[in-house]
file input_12.cif (mmCIF, C-alpha atoms)
data_target
#
loop_
_atom_site.label_atom_id
_atom_site.label_comp_id
_atom_site.auth_asym_id
_atom_site.auth_seq_id
_atom_site.Cartn_x
_atom_site.Cartn_y
_atom_site.Cartn_z
CA MET Z 1 27.25 7.52 23.96
CA LEU Z 2 29.79 10.02 25.26
CA ASP Z 3 33.41 8.94 25.19
CA LYS Z 4 34.61 8.66 28.80
CA THR Z 5 38.28 8.27 27.82
CA THR Z 6 38.60 11.89 26.69
CA SER Z 7 38.61 14.52 29.37
CA THR Z 8 36.11 17.25 28.62
CA ALA Z 9 36.30 19.02 31.96
CA VAL Z 10 35.61 22.72 31.51
CA ALA Z 11 35.60 25.46 34.12
CA ASP Z 12 32.34 27.40 34.45
CA THR Z 13 34.19 30.56 33.45
CA ASP Z 14 35.18 29.02 30.09
CA LEU Z 15 31.60 28.36 28.96
CA GLY Z 16 30.38 30.48 26.13
CA LEU Z 17 27.70 28.44 24.32
CA THR Z 18 24.89 26.24 25.47
CA ILE Z 19 23.36 23.88 22.95
CA ARG Z 20 20.03 22.29 23.79
CA LEU Z 21 18.38 19.46 21.90
CA ALA Z 22 14.93 18.06 22.59
CA CYS Z 23 13.03 15.10 21.24
CA ALA Z 24 9.67 13.46 21.68
CA ILE Z 25 9.70 9.98 23.14
CA GLY Z 26 6.42 8.47 22.12
CA GLN Z 27 3.26 10.49 22.23
CA ASN Z 28 3.30 11.69 25.83
CA ARG Z 29 6.91 12.30 26.78
CA GLN Z 30 9.68 14.65 25.80
CA VAL Z 31 13.29 14.76 26.87
CA GLU Z 32 15.75 17.61 26.57
CA PHE Z 33 19.55 17.44 26.60
CA GLY Z 34 22.01 20.27 26.97
CA ILE Z 35 25.72 20.72 26.52
CA GLY Z 36 27.88 23.65 27.55
CA ILE Z 37 30.69 24.53 25.18
CA PRO Z 38 33.59 26.92 25.74
CA LEU Z 39 34.22 29.58 23.13
CA SER Z 40 37.81 28.38 22.89
CA TRP Z 41 36.83 25.04 21.30
CA SER Z 42 37.39 24.58 17.60
CA GLU Z 43 34.46 24.02 15.27
CA ASP Z 44 35.54 20.38 14.81
CA LYS Z 45 35.56 19.75 18.55
CA ILE Z 46 32.14 21.38 18.95
CA ASN Z 47 30.75 19.29 16.09
CA GLU Z 48 32.20 16.13 17.58
CA HIS Z 49 30.40 16.68 20.88
CA VAL Z 50 27.15 17.84 19.28
CA ASP Z 51 27.18 14.75 17.03
CA LYS Z 52 27.47 12.52 20.11
CA LEU Z 53 24.57 14.33 21.72
CA ILE Z 54 22.48 13.97 18.57
CA LYS Z 55 23.10 10.20 18.57
CA VAL Z 56 21.72 10.07 22.12
CA VAL Z 57 18.68 12.13 21.10
CA GLU Z 58 18.02 9.94 18.05
CA ARG Z 59 18.24 6.76 20.13
CA GLN Z 60 15.80 8.14 22.69
CA ALA Z 61 13.39 9.17 19.92
CA ALA Z 62 13.65 5.65 18.46
CA LYS Z 63 12.74 4.20 21.86
CA GLY Z 64 9.58 6.28 21.78
CA ASP Z 65 8.85 5.07 18.26
CA LEU Z 66 9.36 1.53 19.46
CA LEU Z 67 6.69 1.90 22.14
CA SER Z 68 4.28 3.40 19.64
CA ILE Z 69 4.87 0.67 17.05
CA LYS Z 70 4.42 -2.09 19.62
CA GLY Z 71 1.11 -0.57 20.72
CA THR Z 72 -0.12 -0.23 17.15
CA LEU Z 73 0.98 -3.78 16.36
CA GLN Z 74 -0.91 -5.12 19.36
CA THR Z 75 -4.04 -3.24 18.25
CA LEU Z 76 -3.77 -4.54 14.68
CA GLU Z 77 -3.28 -8.12 15.85
CA HIS Z 78 -6.38 -7.81 18.01
CA GLN Z 79 -8.36 -6.38 15.07
CA LEU Z 80 -7.19 -9.27 12.87
CA GLU Z 81 -8.38 -11.81 15.43
CA THR Z 82 -11.74 -9.99 15.63
CA THR Z 83 -12.08 -10.10 11.83
CA ARG Z 84 -11.30 -13.82 11.79
CA GLN Z 85 -13.87 -14.44 14.52
CA GLN Z 86 -16.45 -12.47 12.54
CA MET Z 87 -15.66 -14.60 9.48
CA ARG Z 88 -16.17 -17.80 11.47
CA ASN Z 89 -19.44 -16.49 12.91
CA HIS Z 90 -20.66 -15.38 9.48
CA GLU Z 91 -19.95 -18.77 7.95
CA ALA Z 92 -21.57 -20.60 10.87
CA ASN Z 93 -24.70 -18.44 10.58
CA ALA Z 94 -24.83 -19.01 6.82
CA ARG Z 95 -24.48 -22.78 7.32
CA ASN Z 96 -27.28 -22.74 9.88
CA ALA Z 97 -29.47 -20.76 7.49
CA TRP Z 98 -28.66 -23.29 4.74
CA VAL Z 99 -29.69 -26.19 6.97
CA ASP Z 100 -32.80 -24.37 8.24
CA SER Z 101 -33.94 -23.68 4.68
CA LYS Z 102 -33.58 -27.41 3.93
CA LYS Z 103 -31.53 -26.79 0.80
CA HIS Z 104 -30.03 -29.80 -0.92
CA GLY Z 105 -26.44 -30.28 -1.97
CA ASP Z 106 -23.19 -28.99 -0.58
CA PHE Z 107 -23.12 -25.75 1.39
CA LYS Z 108 -22.12 -22.71 -0.62
CA LEU Z 109 -22.16 -19.03 0.24
CA THR Z 110 -24.26 -17.12 -2.25
CA GLY Z 111 -25.56 -13.61 -2.79
CA GLN Z 112 -25.18 -11.18 0.07
CA ALA Z 113 -23.57 -13.80 2.32
CA ALA Z 114 -20.85 -14.43 -0.28
CA THR Z 115 -20.28 -10.69 -0.72
CA GLN Z 116 -19.98 -10.20 3.03
CA MET Z 117 -17.48 -13.07 3.27
CA GLN Z 118 -15.44 -11.52 0.45
CA ASN Z 119 -15.40 -8.23 2.39
CA PHE Z 120 -14.12 -10.07 5.48
CA GLU Z 121 -11.42 -11.76 3.41
CA ASN Z 122 -10.31 -8.45 1.88
CA THR Z 123 -10.17 -6.88 5.35
CA GLU Z 124 -8.17 -9.83 6.67
CA ARG Z 125 -5.68 -9.59 3.78
CA THR Z 126 -5.25 -5.83 4.35
CA GLN Z 127 -4.71 -6.35 8.08
CA ILE Z 128 -2.13 -9.10 7.50
CA GLU Z 129 -0.18 -6.85 5.12
CA ALA Z 130 -0.26 -3.98 7.62
CA ILE Z 131 1.00 -6.28 10.39
CA LYS Z 132 3.85 -7.54 8.18
CA LYS Z 133 4.94 -4.00 7.35
CA LEU Z 134 4.75 -2.96 11.00
CA ARG Z 135 6.86 -5.95 12.07
CA GLU Z 136 9.50 -4.99 9.50
CA GLU Z 137 9.47 -1.42 10.78
CA LEU Z 138 9.73 -2.73 14.33
CA LYS Z 139 12.95 -4.60 13.45
CA VAL Z 140 14.47 -1.44 11.98
CA VAL Z 141 13.55 0.67 15.00
CA GLU Z 142 14.84 -2.00 17.40
CA GLU Z 143 18.20 -1.80 15.63
CA ARG Z 144 18.23 2.00 16.09
CA CYS Z 145 17.67 1.48 19.83
CA ARG Z 146 20.78 -0.65 20.35
#

call {"tool": "encode", "arguments": {"input": "input_12.cif", "output": "structure tokens"}}
result
Amino acid sequence: MLDKTTSTAVADTDLGLTIRLACAIGQNRQVEFGIGIPLSWSEDKINEHVDKLIKVVERQAAKGDLLSIKGTLQTLEHQLETTRQQMRNHEANARNAWVDSKKHGDFKLTGQAATQMQNFENTERTQIEAIKKLREELKVVEERCR
């Protein structure tokens, strides 16, 4: 954020450089910032003001990342719930098939049904790990937005 306690008023006739910085904010938006700098400023003073502008640009880019991560997280959570529902349906169908075939003993997934359930479990585990990583990334990006 620009320091409002320091006067940086410059007459139009003093301007000699214009520095423009742009950044993407998410997938569909872009913002551009500009700063006019007089030729009389020292390199340190120019760097000080450019550094402030870069902080603004980085924060705005992080806000775009935040929106993207939240959308991806929501999609992954929905996919996880779908996988879990498919697992429940698969087990219910296998139990019904077990009962219909009049098998004796305790229900147990076997053969192709067991392989399919293992695939669902592997998918679920992968999705949970991806969600955990995304939530960690979300915390980091939220800090950058403050």

call {"tool": "resolve_selection", "arguments": {"input": "input_12.cif", "expression": "the PyMOL selection byres ((chain Z and resi 68-84) around 8)", "output": "VMD selection string"}}
result
chain Z and resid 26 to 27 64 to 67 85 to 88 120 123 to 124 127 to 128 130 to 131 134 to 135 138

call {"tool": "resolve_selection", "arguments": {"input": "input_12.cif", "expression": "the PyMOL selection byres ((chain Z and resi 61) around 10)", "output": "ChimeraX atom specification"}}
result
/Z:22-26,29-31,55-60,62-66,141,144-145

call {"tool": "closest_residue", "arguments": {"input": "input_12.cif", "among": "Z:Lys103, Z:Lys108, Z:Lys133, Z:Arg20", "to": "Z:Ile37", "atoms": "only C-alpha atoms"}}
result
Z:Arg20

call {"tool": "residues_near_point", "arguments": {"input": "input_12.cif", "point": "(30.8, 26.8, 19.6)", "cutoff": "6 Å", "atoms": "only C-alpha atoms", "output": "PyMOL selection string"}}
result
chain Z and resi 17+39+46

call {"tool": "atom_distance", "arguments": {"input": "input_12.cif", "atom1": "atom CA of Z:His49", "atom2": "atom CA of Z:Glu143"}}
result
22.8 Å

call {"tool": "residues_near_point", "arguments": {"input": "input_12.cif", "point": "(23.6, 22.3, 29.7)", "cutoff": "8 Å", "atoms": "all atoms listed in the file", "output": "ChimeraX atom specification"}}
result
/Z:18-20,33-36

call {"tool": "write_last_selection", "arguments": {"input": "input_12.cif", "atoms": "C-alpha atoms", "output": "compact mmCIF listing (two decimals), in the frame of the given file"}}
result
# COMPACT_ATOMS: atom_id res chain seq x y z
CA THR Z 18 24.89 26.24 25.47
CA ILE Z 19 23.36 23.88 22.95
CA ARG Z 20 20.03 22.29 23.79
CA PHE Z 33 19.55 17.44 26.60
CA GLY Z 34 22.01 20.27 26.97
CA ILE Z 35 25.72 20.72 26.52
CA GLY Z 36 27.88 23.65 27.55

call {"tool": "atom_distance", "arguments": {"input": "input_12.cif", "atom1": "atom CA of Z:Val50", "atom2": "atom CA of Z:Leu21"}}
result
9.3 Å

call {"tool": "atom_distance", "arguments": {"input": "input_12.cif", "atom1": "atom CA of Z:Gly105", "atom2": "atom CA of Z:His90"}}
result
19.7 Å

call {"tool": "decode", "arguments": {"input": "input_12.cif", "residues": "stretch 102-134 of chain Z", "atoms": "N, CA and C atoms", "output": "PDB file, in the first residue's frame"}}
result
ATOM      1  N   LYS Z 102     -28.262 -66.219  -3.397  1.00  0.00           N
ATOM      2  CA  LYS Z 102     -28.500 -67.117  -2.260  1.00  0.00           C
ATOM      3  C   LYS Z 102     -27.211 -67.753  -1.740  1.00  0.00           C
ATOM      4  N   LYS Z 103     -26.155 -66.950  -1.703  1.00  0.00           N
ATOM      5  CA  LYS Z 103     -24.881 -67.443  -1.168  1.00  0.00           C
ATOM      6  C   LYS Z 103     -24.971 -67.486   0.356  1.00  0.00           C
ATOM      7  N   HIS Z 104     -24.233 -68.392   0.927  1.00  0.00           N
ATOM      8  CA  HIS Z 104     -24.240 -68.557   2.382  1.00  0.00           C
ATOM      9  C   HIS Z 104     -23.008 -67.883   2.970  1.00  0.00           C
ATOM     10  N   GLY Z 105     -23.110 -67.523   4.228  1.00  0.00           N
ATOM     11  CA  GLY Z 105     -21.988 -66.903   4.922  1.00  0.00           C
ATOM     12  C   GLY Z 105     -22.065 -65.383   4.870  1.00  0.00           C
ATOM     13  N   ASP Z 106     -21.034 -64.778   5.429  1.00  0.00           N
ATOM     14  CA  ASP Z 106     -20.970 -63.322   5.474  1.00  0.00           C
ATOM     15  C   ASP Z 106     -20.665 -62.757   4.093  1.00  0.00           C
ATOM     16  N   PHE Z 107     -21.215 -61.562   3.843  1.00  0.00           N
ATOM     17  CA  PHE Z 107     -20.987 -60.880   2.560  1.00  0.00           C
ATOM     18  C   PHE Z 107     -19.514 -60.509   2.429  1.00  0.00           C
ATOM     19  N   LYS Z 108     -18.989 -60.729   1.238  1.00  0.00           N
ATOM     20  CA  LYS Z 108     -17.617 -60.366   0.937  1.00  0.00           C
ATOM     21  C   LYS Z 108     -17.509 -60.041  -0.543  1.00  0.00           C
ATOM     22  N   LEU Z 109     -16.871 -58.890  -0.833  1.00  0.00           N
ATOM     23  CA  LEU Z 109     -16.628 -58.545  -2.230  1.00  0.00           C
ATOM     24  C   LEU Z 109     -15.557 -59.470  -2.790  1.00  0.00           C
ATOM     25  N   THR Z 110     -15.815 -59.989  -3.958  1.00  0.00           N
ATOM     26  CA  THR Z 110     -14.840 -60.878  -4.593  1.00  0.00           C
ATOM     27  C   THR Z 110     -14.719 -60.528  -6.066  1.00  0.00           C
ATOM     28  N   GLY Z 111     -13.639 -61.003  -6.667  1.00  0.00           N
ATOM     29  CA  GLY Z 111     -13.438 -60.865  -8.109  1.00  0.00           C
ATOM     30  C   GLY Z 111     -13.487 -59.440  -8.595  1.00  0.00           C
ATOM     31  N   GLN Z 112     -14.268 -59.251  -9.653  1.00  0.00           N
ATOM     32  CA  GLN Z 112     -14.358 -57.940 -10.304  1.00  0.00           C
ATOM     33  C   GLN Z 112     -14.953 -56.888  -9.375  1.00  0.00           C
ATOM     34  N   ALA Z 113     -15.911 -57.297  -8.536  1.00  0.00           N
ATOM     35  CA  ALA Z 113     -16.520 -56.350  -7.597  1.00  0.00           C
ATOM     36  C   ALA Z 113     -15.479 -55.839  -6.597  1.00  0.00           C
ATOM     37  N   ALA Z 114     -14.604 -56.725  -6.129  1.00  0.00           N
ATOM     38  CA  ALA Z 114     -13.553 -56.320  -5.189  1.00  0.00           C
ATOM     39  C   ALA Z 114     -12.545 -55.400  -5.872  1.00  0.00           C
ATOM     40  N   THR Z 115     -12.202 -55.708  -7.113  1.00  0.00           N
ATOM     41  CA  THR Z 115     -11.269 -54.868  -7.866  1.00  0.00           C
ATOM     42  C   THR Z 115     -11.846 -53.478  -8.083  1.00  0.00           C
ATOM     43  N   GLN Z 116     -13.124 -53.429  -8.432  1.00  0.00           N
ATOM     44  CA  GLN Z 116     -13.782 -52.133  -8.651  1.00  0.00           C
ATOM     45  C   GLN Z 116     -13.810 -51.320  -7.361  1.00  0.00           C
ATOM     46  N   MET Z 117     -14.078 -51.980  -6.233  1.00  0.00           N
ATOM     47  CA  MET Z 117     -14.100 -51.275  -4.950  1.00  0.00           C
ATOM     48  C   MET Z 117     -12.703 -50.750  -4.619  1.00  0.00           C
ATOM     49  N   GLN Z 118     -11.674 -51.524  -4.911  1.00  0.00           N
ATOM     50  CA  GLN Z 118     -10.302 -51.083  -4.673  1.00  0.00           C
ATOM     51  C   GLN Z 118      -9.988 -49.844  -5.514  1.00  0.00           C
ATOM     52  N   ASN Z 119     -10.477 -49.834  -6.756  1.00  0.00           N
ATOM     53  CA  ASN Z 119     -10.288 -48.663  -7.624  1.00  0.00           C
ATOM     54  C   ASN Z 119     -10.967 -47.433  -7.031  1.00  0.00           C
ATOM     55  N   PHE Z 120     -12.186 -47.605  -6.512  1.00  0.00           N
ATOM     56  CA  PHE Z 120     -12.891 -46.493  -5.869  1.00  0.00           C
ATOM     57  C   PHE Z 120     -12.103 -45.988  -4.658  1.00  0.00           C
ATOM     58  N   GLU Z 121     -11.583 -46.909  -3.870  1.00  0.00           N
ATOM     59  CA  GLU Z 121     -10.829 -46.526  -2.673  1.00  0.00           C
ATOM     60  C   GLU Z 121      -9.546 -45.782  -3.045  1.00  0.00           C
ATOM     61  N   ASN Z 122      -8.864 -46.239  -4.082  1.00  0.00           N
ATOM     62  CA  ASN Z 122      -7.655 -45.544  -4.546  1.00  0.00           C
ATOM     63  C   ASN Z 122      -7.992 -44.136  -5.032  1.00  0.00           C
ATOM     64  N   THR Z 123      -9.079 -44.020  -5.776  1.00  0.00           N
ATOM     65  CA  THR Z 123      -9.526 -42.707  -6.262  1.00  0.00           C
ATOM     66  C   THR Z 123      -9.859 -41.793  -5.092  1.00  0.00           C
ATOM     67  N   GLU Z 124     -10.568 -42.332  -4.109  1.00  0.00           N
ATOM     68  CA  GLU Z 124     -10.946 -41.545  -2.930  1.00  0.00           C
ATOM     69  C   GLU Z 124      -9.695 -41.050  -2.201  1.00  0.00           C
ATOM     70  N   ARG Z 125      -8.725 -41.919  -2.012  1.00  0.00           N
ATOM     71  CA  ARG Z 125      -7.483 -41.552  -1.325  1.00  0.00           C
ATOM     72  C   ARG Z 125      -6.751 -40.440  -2.088  1.00  0.00           C
ATOM     73  N   THR Z 126      -6.678 -40.572  -3.405  1.00  0.00           N
ATOM     74  CA  THR Z 126      -6.024 -39.558  -4.239  1.00  0.00           C
ATOM     75  C   THR Z 126      -6.751 -38.218  -4.134  1.00  0.00           C
ATOM     76  N   GLN Z 127      -8.080 -38.259  -4.156  1.00  0.00           N
ATOM     77  CA  GLN Z 127      -8.867 -37.028  -4.066  1.00  0.00           C
ATOM     78  C   GLN Z 127      -8.689 -36.362  -2.699  1.00  0.00           C
ATOM     79  N   ILE Z 128      -8.648 -37.145  -1.643  1.00  0.00           N
ATOM     80  CA  ILE Z 128      -8.466 -36.590  -0.298  1.00  0.00           C
ATOM     81  C   ILE Z 128      -7.107 -35.899  -0.193  1.00  0.00           C
ATOM     82  N   GLU Z 129      -6.072 -36.529  -0.728  1.00  0.00           N
ATOM     83  CA  GLU Z 129      -4.734 -35.925  -0.701  1.00  0.00           C
ATOM     84  C   GLU Z 129      -4.715 -34.613  -1.496  1.00  0.00           C
ATOM     85  N   ALA Z 130      -5.350 -34.608  -2.646  1.00  0.00           N
ATOM     86  CA  ALA Z 130      -5.391 -33.392  -3.469  1.00  0.00           C
ATOM     87  C   ALA Z 130      -6.126 -32.268  -2.734  1.00  0.00           C
ATOM     88  N   ILE Z 131      -7.196 -32.602  -2.051  1.00  0.00           N
ATOM     89  CA  ILE Z 131      -7.963 -31.602  -1.296  1.00  0.00           C
ATOM     90  C   ILE Z 131      -7.122 -31.053  -0.146  1.00  0.00           C
ATOM     91  N   LYS Z 132      -6.393 -31.926   0.553  1.00  0.00           N
ATOM     92  CA  LYS Z 132      -5.529 -31.468   1.650  1.00  0.00           C
ATOM     93  C   LYS Z 132      -4.475 -30.491   1.141  1.00  0.00           C
ATOM     94  N   LYS Z 133      -3.822 -30.839   0.036  1.00  0.00           N
ATOM     95  CA  LYS Z 133      -2.792 -29.968  -0.522  1.00  0.00           C
ATOM     96  C   LYS Z 133      -3.374 -28.632  -0.952  1.00  0.00           C
ATOM     97  N   LEU Z 134      -4.557 -28.671  -1.556  1.00  0.00           N
ATOM     98  CA  LEU Z 134      -5.195 -27.440  -2.017  1.00  0.00           C
ATOM     99  C   LEU Z 134      -5.589 -26.555  -0.838  1.00  0.00           C
TER     100      LEU Z 134
END
